[in-house]
$ cat data_3.cif   # mmCIF, N, CA and C atoms
data_work
#
loop_
_atom_site.label_atom_id
_atom_site.label_comp_id
_atom_site.auth_asym_id
_atom_site.auth_seq_id
_atom_site.Cartn_x
_atom_site.Cartn_y
_atom_site.Cartn_z
N MET A 1 0.82 -1.19 0.00
CA MET A 1 0.00 0.00 0.00
C MET A 1 0.86 1.26 0.00
N LEU A 2 2.00 1.19 0.69
CA LEU A 2 2.89 2.34 0.69
C LEU A 2 3.39 2.64 -0.72
N THR A 3 3.66 1.59 -1.47
CA THR A 3 4.11 1.79 -2.84
C THR A 3 3.05 2.49 -3.66
N LEU A 4 1.80 2.11 -3.48
CA LEU A 4 0.70 2.75 -4.21
C LEU A 4 0.60 4.23 -3.82
N ALA A 5 0.77 4.52 -2.54
CA ALA A 5 0.69 5.91 -2.08
C ALA A 5 1.78 6.76 -2.72
N ARG A 6 2.93 6.16 -2.96
CA ARG A 6 4.05 6.90 -3.57
C ARG A 6 3.84 7.15 -5.06
N LEU A 7 2.97 6.38 -5.69
CA LEU A 7 2.75 6.54 -7.13
C LEU A 7 2.05 7.85 -7.48
N GLU A 8 1.23 8.37 -6.59
CA GLU A 8 0.48 9.59 -6.86
C GLU A 8 1.03 10.73 -6.02
N PRO A 9 2.10 11.37 -6.50
CA PRO A 9 2.70 12.44 -5.71
C PRO A 9 1.76 13.64 -5.60
N GLN A 10 1.48 14.02 -4.37
CA GLN A 10 0.70 15.22 -4.06
C GLN A 10 -0.58 15.34 -4.89
N GLY A 11 -1.34 14.26 -4.99
CA GLY A 11 -2.66 14.31 -5.60
C GLY A 11 -2.70 14.38 -7.11
N GLN A 12 -1.60 14.12 -7.78
CA GLN A 12 -1.60 14.14 -9.25
C GLN A 12 -2.08 12.78 -9.75
N ALA A 13 -3.35 12.67 -9.99
CA ALA A 13 -3.94 11.40 -10.41
C ALA A 13 -3.59 11.10 -11.86
N VAL A 14 -3.43 9.83 -12.15
CA VAL A 14 -3.16 9.36 -13.51
C VAL A 14 -4.50 9.15 -14.20
N ALA A 15 -4.59 9.54 -15.45
CA ALA A 15 -5.83 9.34 -16.22
C ALA A 15 -6.08 7.84 -16.38
N PRO A 16 -7.27 7.37 -16.03
CA PRO A 16 -7.57 5.95 -16.16
C PRO A 16 -7.50 5.50 -17.62
N ARG A 17 -7.02 4.27 -17.78
CA ARG A 17 -6.96 3.65 -19.11
C ARG A 17 -7.64 2.29 -19.04
N SER A 18 -7.95 1.76 -20.18
CA SER A 18 -8.56 0.44 -20.25
C SER A 18 -7.50 -0.62 -19.93
N VAL A 19 -7.84 -1.53 -19.01
CA VAL A 19 -6.92 -2.60 -18.60
C VAL A 19 -7.67 -3.92 -18.67
N GLU A 20 -7.11 -4.88 -19.37
CA GLU A 20 -7.71 -6.21 -19.45
C GLU A 20 -7.21 -6.99 -18.23
N LEU A 21 -8.07 -7.14 -17.24
CA LEU A 21 -7.70 -7.64 -15.93
C LEU A 21 -7.19 -9.08 -15.95
N SER A 22 -7.82 -9.96 -16.70
CA SER A 22 -7.36 -11.36 -16.71
C SER A 22 -5.96 -11.46 -17.31
N ARG A 23 -5.66 -10.67 -18.31
CA ARG A 23 -4.32 -10.66 -18.89
C ARG A 23 -3.29 -10.16 -17.86
N LEU A 24 -3.64 -9.12 -17.13
CA LEU A 24 -2.76 -8.59 -16.09
C LEU A 24 -2.54 -9.63 -15.00
N CYS A 25 -3.60 -10.31 -14.58
CA CYS A 25 -3.48 -11.35 -13.55
C CYS A 25 -2.57 -12.48 -14.03
N LYS A 26 -2.74 -12.91 -15.25
CA LYS A 26 -1.88 -13.97 -15.80
C LYS A 26 -0.42 -13.55 -15.80
N SER A 27 -0.16 -12.31 -16.19
CA SER A 27 1.20 -11.80 -16.22
C SER A 27 1.83 -11.79 -14.83
N VAL A 28 1.07 -11.34 -13.84
CA VAL A 28 1.58 -11.31 -12.45
C VAL A 28 1.85 -12.73 -11.96
N ILE A 29 0.94 -13.65 -12.25
CA ILE A 29 1.12 -15.04 -11.83
C ILE A 29 2.36 -15.64 -12.50
N LEU A 30 2.55 -15.38 -13.78
CA LEU A 30 3.74 -15.90 -14.45
C LEU A 30 5.02 -15.34 -13.85
N ASP A 31 4.98 -14.08 -13.44
CA ASP A 31 6.16 -13.47 -12.82
C ASP A 31 6.49 -14.10 -11.47
N GLN A 32 5.50 -14.66 -10.79
CA GLN A 32 5.73 -15.17 -9.44
C GLN A 32 5.57 -16.68 -9.32
N ILE A 33 5.40 -17.36 -10.45
CA ILE A 33 5.12 -18.79 -10.41
C ILE A 33 6.26 -19.59 -9.77
N ARG A 34 7.51 -19.16 -9.97
CA ARG A 34 8.64 -19.92 -9.39
C ARG A 34 8.61 -19.88 -7.86
N LEU A 35 8.20 -18.75 -7.29
CA LEU A 35 8.08 -18.68 -5.83
C LEU A 35 7.01 -19.65 -5.34
N ALA A 36 5.91 -19.72 -6.07
CA ALA A 36 4.83 -20.64 -5.71
C ALA A 36 5.30 -22.09 -5.86
N GLU A 37 5.97 -22.39 -6.94
CA GLU A 37 6.45 -23.76 -7.17
C GLU A 37 7.44 -24.19 -6.10
N ALA A 38 8.26 -23.26 -5.60
CA ALA A 38 9.24 -23.59 -4.56
C ALA A 38 8.54 -24.07 -3.29
N LYS A 39 7.30 -23.62 -3.07
CA LYS A 39 6.52 -24.06 -1.90
C LYS A 39 5.47 -25.10 -2.29
N TYR A 40 5.54 -25.59 -3.51
CA TYR A 40 4.58 -26.57 -4.01
C TYR A 40 3.15 -26.05 -3.91
N ILE A 41 2.99 -24.79 -4.24
CA ILE A 41 1.67 -24.16 -4.22
C ILE A 41 1.11 -24.15 -5.63
N ASP A 42 -0.12 -24.58 -5.77
CA ASP A 42 -0.83 -24.57 -7.05
C ASP A 42 -1.42 -23.17 -7.21
N LEU A 43 -0.78 -22.35 -8.02
CA LEU A 43 -1.19 -20.96 -8.21
C LEU A 43 -1.85 -20.81 -9.57
N GLY A 44 -3.05 -20.28 -9.61
CA GLY A 44 -3.74 -20.10 -10.88
C GLY A 44 -4.94 -19.20 -10.73
N LEU A 45 -5.69 -19.04 -11.80
CA LEU A 45 -6.90 -18.20 -11.81
C LEU A 45 -8.14 -19.07 -11.70
N VAL A 46 -9.13 -18.58 -10.99
CA VAL A 46 -10.41 -19.28 -10.89
C VAL A 46 -11.12 -19.22 -12.24
N THR A 47 -11.08 -18.07 -12.87
CA THR A 47 -11.73 -17.88 -14.16
C THR A 47 -10.77 -17.17 -15.10
N GLN A 48 -10.91 -17.42 -16.36
CA GLN A 48 -10.09 -16.73 -17.34
C GLN A 48 -10.95 -15.89 -18.28
N ASP A 49 -12.17 -15.57 -17.82
CA ASP A 49 -13.05 -14.72 -18.60
C ASP A 49 -12.42 -13.35 -18.77
N LYS A 50 -12.67 -12.74 -19.91
CA LYS A 50 -12.18 -11.38 -20.13
C LYS A 50 -12.90 -10.43 -19.21
N ALA A 51 -12.14 -9.55 -18.60
CA ALA A 51 -12.71 -8.52 -17.72
C ALA A 51 -11.92 -7.25 -17.95
N GLU A 52 -12.56 -6.28 -18.56
CA GLU A 52 -11.89 -5.01 -18.85
C GLU A 52 -12.35 -3.98 -17.84
N ILE A 53 -11.38 -3.28 -17.25
CA ILE A 53 -11.69 -2.24 -16.28
C ILE A 53 -10.93 -0.97 -16.66
N GLN A 54 -11.32 0.13 -16.06
CA GLN A 54 -10.63 1.40 -16.25
C GLN A 54 -9.76 1.65 -15.02
N GLY A 55 -8.51 2.01 -15.23
CA GLY A 55 -7.63 2.27 -14.10
C GLY A 55 -6.21 2.56 -14.55
N ASP A 56 -5.33 2.68 -13.59
CA ASP A 56 -3.91 2.91 -13.82
C ASP A 56 -3.23 1.54 -13.88
N PRO A 57 -2.78 1.11 -15.05
CA PRO A 57 -2.19 -0.23 -15.19
C PRO A 57 -1.01 -0.47 -14.24
N ASP A 58 -0.18 0.54 -14.03
CA ASP A 58 0.98 0.37 -13.15
C ASP A 58 0.54 0.16 -11.70
N ALA A 59 -0.41 0.95 -11.25
CA ALA A 59 -0.91 0.81 -9.88
C ALA A 59 -1.62 -0.53 -9.69
N LEU A 60 -2.39 -0.95 -10.69
CA LEU A 60 -3.08 -2.23 -10.61
C LEU A 60 -2.09 -3.38 -10.57
N ARG A 61 -1.02 -3.27 -11.34
CA ARG A 61 0.00 -4.32 -11.33
C ARG A 61 0.67 -4.41 -9.95
N ILE A 62 0.99 -3.28 -9.36
CA ILE A 62 1.59 -3.28 -8.03
C ILE A 62 0.63 -3.91 -7.02
N LEU A 63 -0.63 -3.55 -7.11
CA LEU A 63 -1.63 -4.10 -6.21
C LEU A 63 -1.72 -5.62 -6.36
N LEU A 64 -1.78 -6.11 -7.60
CA LEU A 64 -1.87 -7.55 -7.84
C LEU A 64 -0.59 -8.26 -7.44
N ASP A 65 0.57 -7.64 -7.69
CA ASP A 65 1.85 -8.23 -7.26
C ASP A 65 1.85 -8.43 -5.75
N ASN A 66 1.40 -7.41 -5.02
CA ASN A 66 1.35 -7.51 -3.56
C ASN A 66 0.37 -8.59 -3.11
N LEU A 67 -0.77 -8.67 -3.78
CA LEU A 67 -1.78 -9.68 -3.43
C LEU A 67 -1.22 -11.09 -3.63
N VAL A 68 -0.61 -11.34 -4.78
CA VAL A 68 -0.08 -12.67 -5.08
C VAL A 68 1.12 -12.98 -4.18
N ASP A 69 1.98 -12.00 -3.95
CA ASP A 69 3.12 -12.20 -3.06
C ASP A 69 2.65 -12.60 -1.66
N ASN A 70 1.65 -11.91 -1.14
CA ASN A 70 1.11 -12.25 0.18
C ASN A 70 0.45 -13.63 0.17
N ALA A 71 -0.24 -13.94 -0.91
CA ALA A 71 -0.89 -15.25 -1.01
C ALA A 71 0.16 -16.37 -0.95
N ILE A 72 1.25 -16.19 -1.67
CA ILE A 72 2.33 -17.19 -1.66
C ILE A 72 2.98 -17.24 -0.28
N ARG A 73 3.26 -16.10 0.27
CA ARG A 73 3.95 -16.02 1.56
C ARG A 73 3.15 -16.69 2.69
N TYR A 74 1.83 -16.52 2.68
CA TYR A 74 1.02 -16.98 3.81
C TYR A 74 0.24 -18.26 3.54
N THR A 75 0.41 -18.86 2.38
CA THR A 75 -0.20 -20.14 2.09
C THR A 75 0.77 -21.24 2.50
N PRO A 76 0.28 -22.27 3.19
CA PRO A 76 1.19 -23.34 3.61
C PRO A 76 1.74 -24.12 2.42
N VAL A 77 2.86 -24.80 2.65
CA VAL A 77 3.45 -25.66 1.63
C VAL A 77 2.39 -26.64 1.15
N HIS A 78 2.40 -26.91 -0.15
CA HIS A 78 1.41 -27.78 -0.82
C HIS A 78 0.02 -27.17 -0.81
N GLY A 79 -0.05 -25.84 -0.69
CA GLY A 79 -1.34 -25.16 -0.67
C GLY A 79 -1.87 -24.92 -2.07
N ASN A 80 -2.95 -24.18 -2.11
CA ASN A 80 -3.63 -23.90 -3.36
C ASN A 80 -4.13 -22.46 -3.29
N ASP A 81 -3.63 -21.61 -4.18
CA ASP A 81 -4.07 -20.22 -4.23
C ASP A 81 -4.65 -19.91 -5.59
N ARG A 82 -5.84 -19.38 -5.57
CA ARG A 82 -6.48 -18.96 -6.81
C ARG A 82 -7.12 -17.61 -6.58
N PRO A 83 -6.51 -16.54 -7.13
CA PRO A 83 -7.13 -15.21 -6.96
C PRO A 83 -8.59 -15.26 -7.35
N GLY A 84 -9.43 -14.75 -6.48
CA GLY A 84 -10.87 -14.81 -6.71
C GLY A 84 -11.52 -15.93 -5.93
N GLY A 85 -10.71 -16.77 -5.29
CA GLY A 85 -11.23 -17.86 -4.48
C GLY A 85 -10.47 -17.92 -3.18
N ALA A 86 -10.86 -18.81 -2.32
CA ALA A 86 -10.22 -18.95 -1.02
C ALA A 86 -8.98 -19.82 -1.12
N ALA A 87 -7.99 -19.55 -0.28
CA ALA A 87 -6.79 -20.39 -0.19
C ALA A 87 -7.18 -21.72 0.46
N GLU A 88 -6.68 -22.79 -0.06
CA GLU A 88 -7.00 -24.10 0.46
C GLU A 88 -5.72 -24.90 0.62
N ARG A 89 -5.78 -25.92 1.44
CA ARG A 89 -4.69 -26.87 1.55
C ARG A 89 -5.17 -28.18 0.98
N GLU A 90 -4.36 -28.77 0.10
CA GLU A 90 -4.77 -30.03 -0.54
C GLU A 90 -4.45 -31.21 0.34
#
$ encode --input "data_3.cif" --output "structure tokens"
Amino acid sequence: MLTLARLEPQGQAVAPRSVELSRLCKSVILDQIRLAEAKYIDLGLVTQDKAEIQGDPDALRILLDNLVDNAIRYTPVHGNDRPGGAAERE
């Protein structure tokens, strides 16, 4: 969250752009898949439906990176993380 706060210096908001959310999620997961594999965590998406939103792609990426990093960090070994669903242990 601190990183997100630093992105908008003194209230200078970034103009929202169209972001394809499932593509962004896949990219973040691919960037962190080795960390998940090291803990034998099954990391993936619940759905791969297209979802387009308006926002700051850089800020959204940071947010998703933090979400996935925390999911990997706090899921037990041999766990199962799927953004959009609950963490489970197999």
$ residues_around --input "data_3.cif" --residues "Asp42 of chain A" --least-positions-apart "6" --cutoff "6 Å" --atoms "all atoms listed in the file" --output "compact mmCIF listing (two decimals) with N, CA and C atoms, keeping the file's coordinate frame"
# COMPACT_ATOMS: atom_id res chain seq x y z
N ALA A 36 5.91 -19.72 -6.07
CA ALA A 36 4.83 -20.64 -5.71
C ALA A 36 5.30 -22.09 -5.86
N HIS A 78 2.40 -26.91 -0.15
CA HIS A 78 1.41 -27.78 -0.82
C HIS A 78 0.02 -27.17 -0.81
N GLY A 79 -0.05 -25.84 -0.69
CA GLY A 79 -1.34 -25.16 -0.67
C GLY A 79 -1.87 -24.92 -2.07
N ASN A 80 -2.95 -24.18 -2.11
CA ASN A 80 -3.63 -23.90 -3.36
C ASN A 80 -4.13 -22.46 -3.29
N ASP A 81 -3.63 -21.61 -4.18
CA ASP A 81 -4.07 -20.22 -4.23
C ASP A 81 -4.65 -19.91 -5.59
$ atom_distance --input "data_3.cif" --atom1 "atom CA of Arg61 of chain A" --atom2 "atom CA of Cys25 of chain A"
8.2 Å
$ resolve_selection --input "data_3.cif" --expression "the PyMOL selection byres (((chain A and resi 26 and name CA) around 12) and name CA)" --output "count of residues only"
27
$ atom_distance --input "data_3.cif" --atom1 "atom CA of Gly55 of chain A" --atom2 "atom CA of Ala13 of chain A"
10.5 Å
$ atom_distance --input "data_3.cif" --atom1 "atom CA of Asp69 of chain A" --atom2 "atom CA of Val19 of chain A"
20.8 Å
$ select_by_dssp --input "data_3.cif" --residues "segment 47-76 of chain A" --states "strand (DSSP E or B)" --output "list in words"
Glu52, Ile53, Gln54 and Gly55 of chain A
$ write_last_selection --input "data_3.cif" --atoms "N, CA and C atoms" --output "PDB file, in the coordinates of the input"
ATOM      1  N   GLU A  52     -12.560  -6.280 -18.560  1.00  0.00           N
ATOM      2  CA  GLU A  52     -11.890  -5.010 -18.850  1.00  0.00           C
ATOM      3  C   GLU A  52     -12.350  -3.980 -17.840  1.00  0.00           C
ATOM      4  N   ILE A  53     -11.380  -3.280 -17.250  1.00  0.00           N
ATOM      5  CA  ILE A  53     -11.690  -2.240 -16.280  1.00  0.00           C
ATOM      6  C   ILE A  53     -10.930  -0.970 -16.660  1.00  0.00           C
ATOM      7  N   GLN A  54     -11.320   0.130 -16.060  1.00  0.00           N
ATOM      8  CA  GLN A  54     -10.630   1.400 -16.250  1.00  0.00           C
ATOM      9  C   GLN A  54      -9.760   1.650 -15.020  1.00  0.00           C
ATOM     10  N   GLY A  55      -8.510   2.010 -15.230  1.00  0.00           N
ATOM     11  CA  GLY A  55      -7.630   2.270 -14.100  1.00  0.00           C
ATOM     12  C   GLY A  55      -6.210   2.560 -14.550  1.00  0.00           C
TER      13      GLY A  55
END
$ resolve_selection --input "data_3.cif" --expression "the PyMOL selection byres ((chain A and resi 76) around 7)" --output "list of chain:residue names"
A:Lys39, A:Tyr40, A:Ile41, A:Ile72, A:Arg73, A:Tyr74, A:Thr75, A:Val77, A:His78, A:Gly79, A:Asn80, A:Arg89
$ resolve_selection --input "data_3.cif" --expression "the PyMOL selection byres ((chain A and resi 15) around 8)" --output "ChimeraX atom specification"
/A:12-14,16-18,54-57
$ axis_aligned_box --input "data_3.cif" --around "segment 56-74 of chain A" --padding-each-side "5 Å" --output "lines of an AutoDock Vina configuration file"
center_x = -0.7
center_y = -7.7
center_z = -5.7
size_x = 19.3
size_y = 31.2
size_z = 29.0
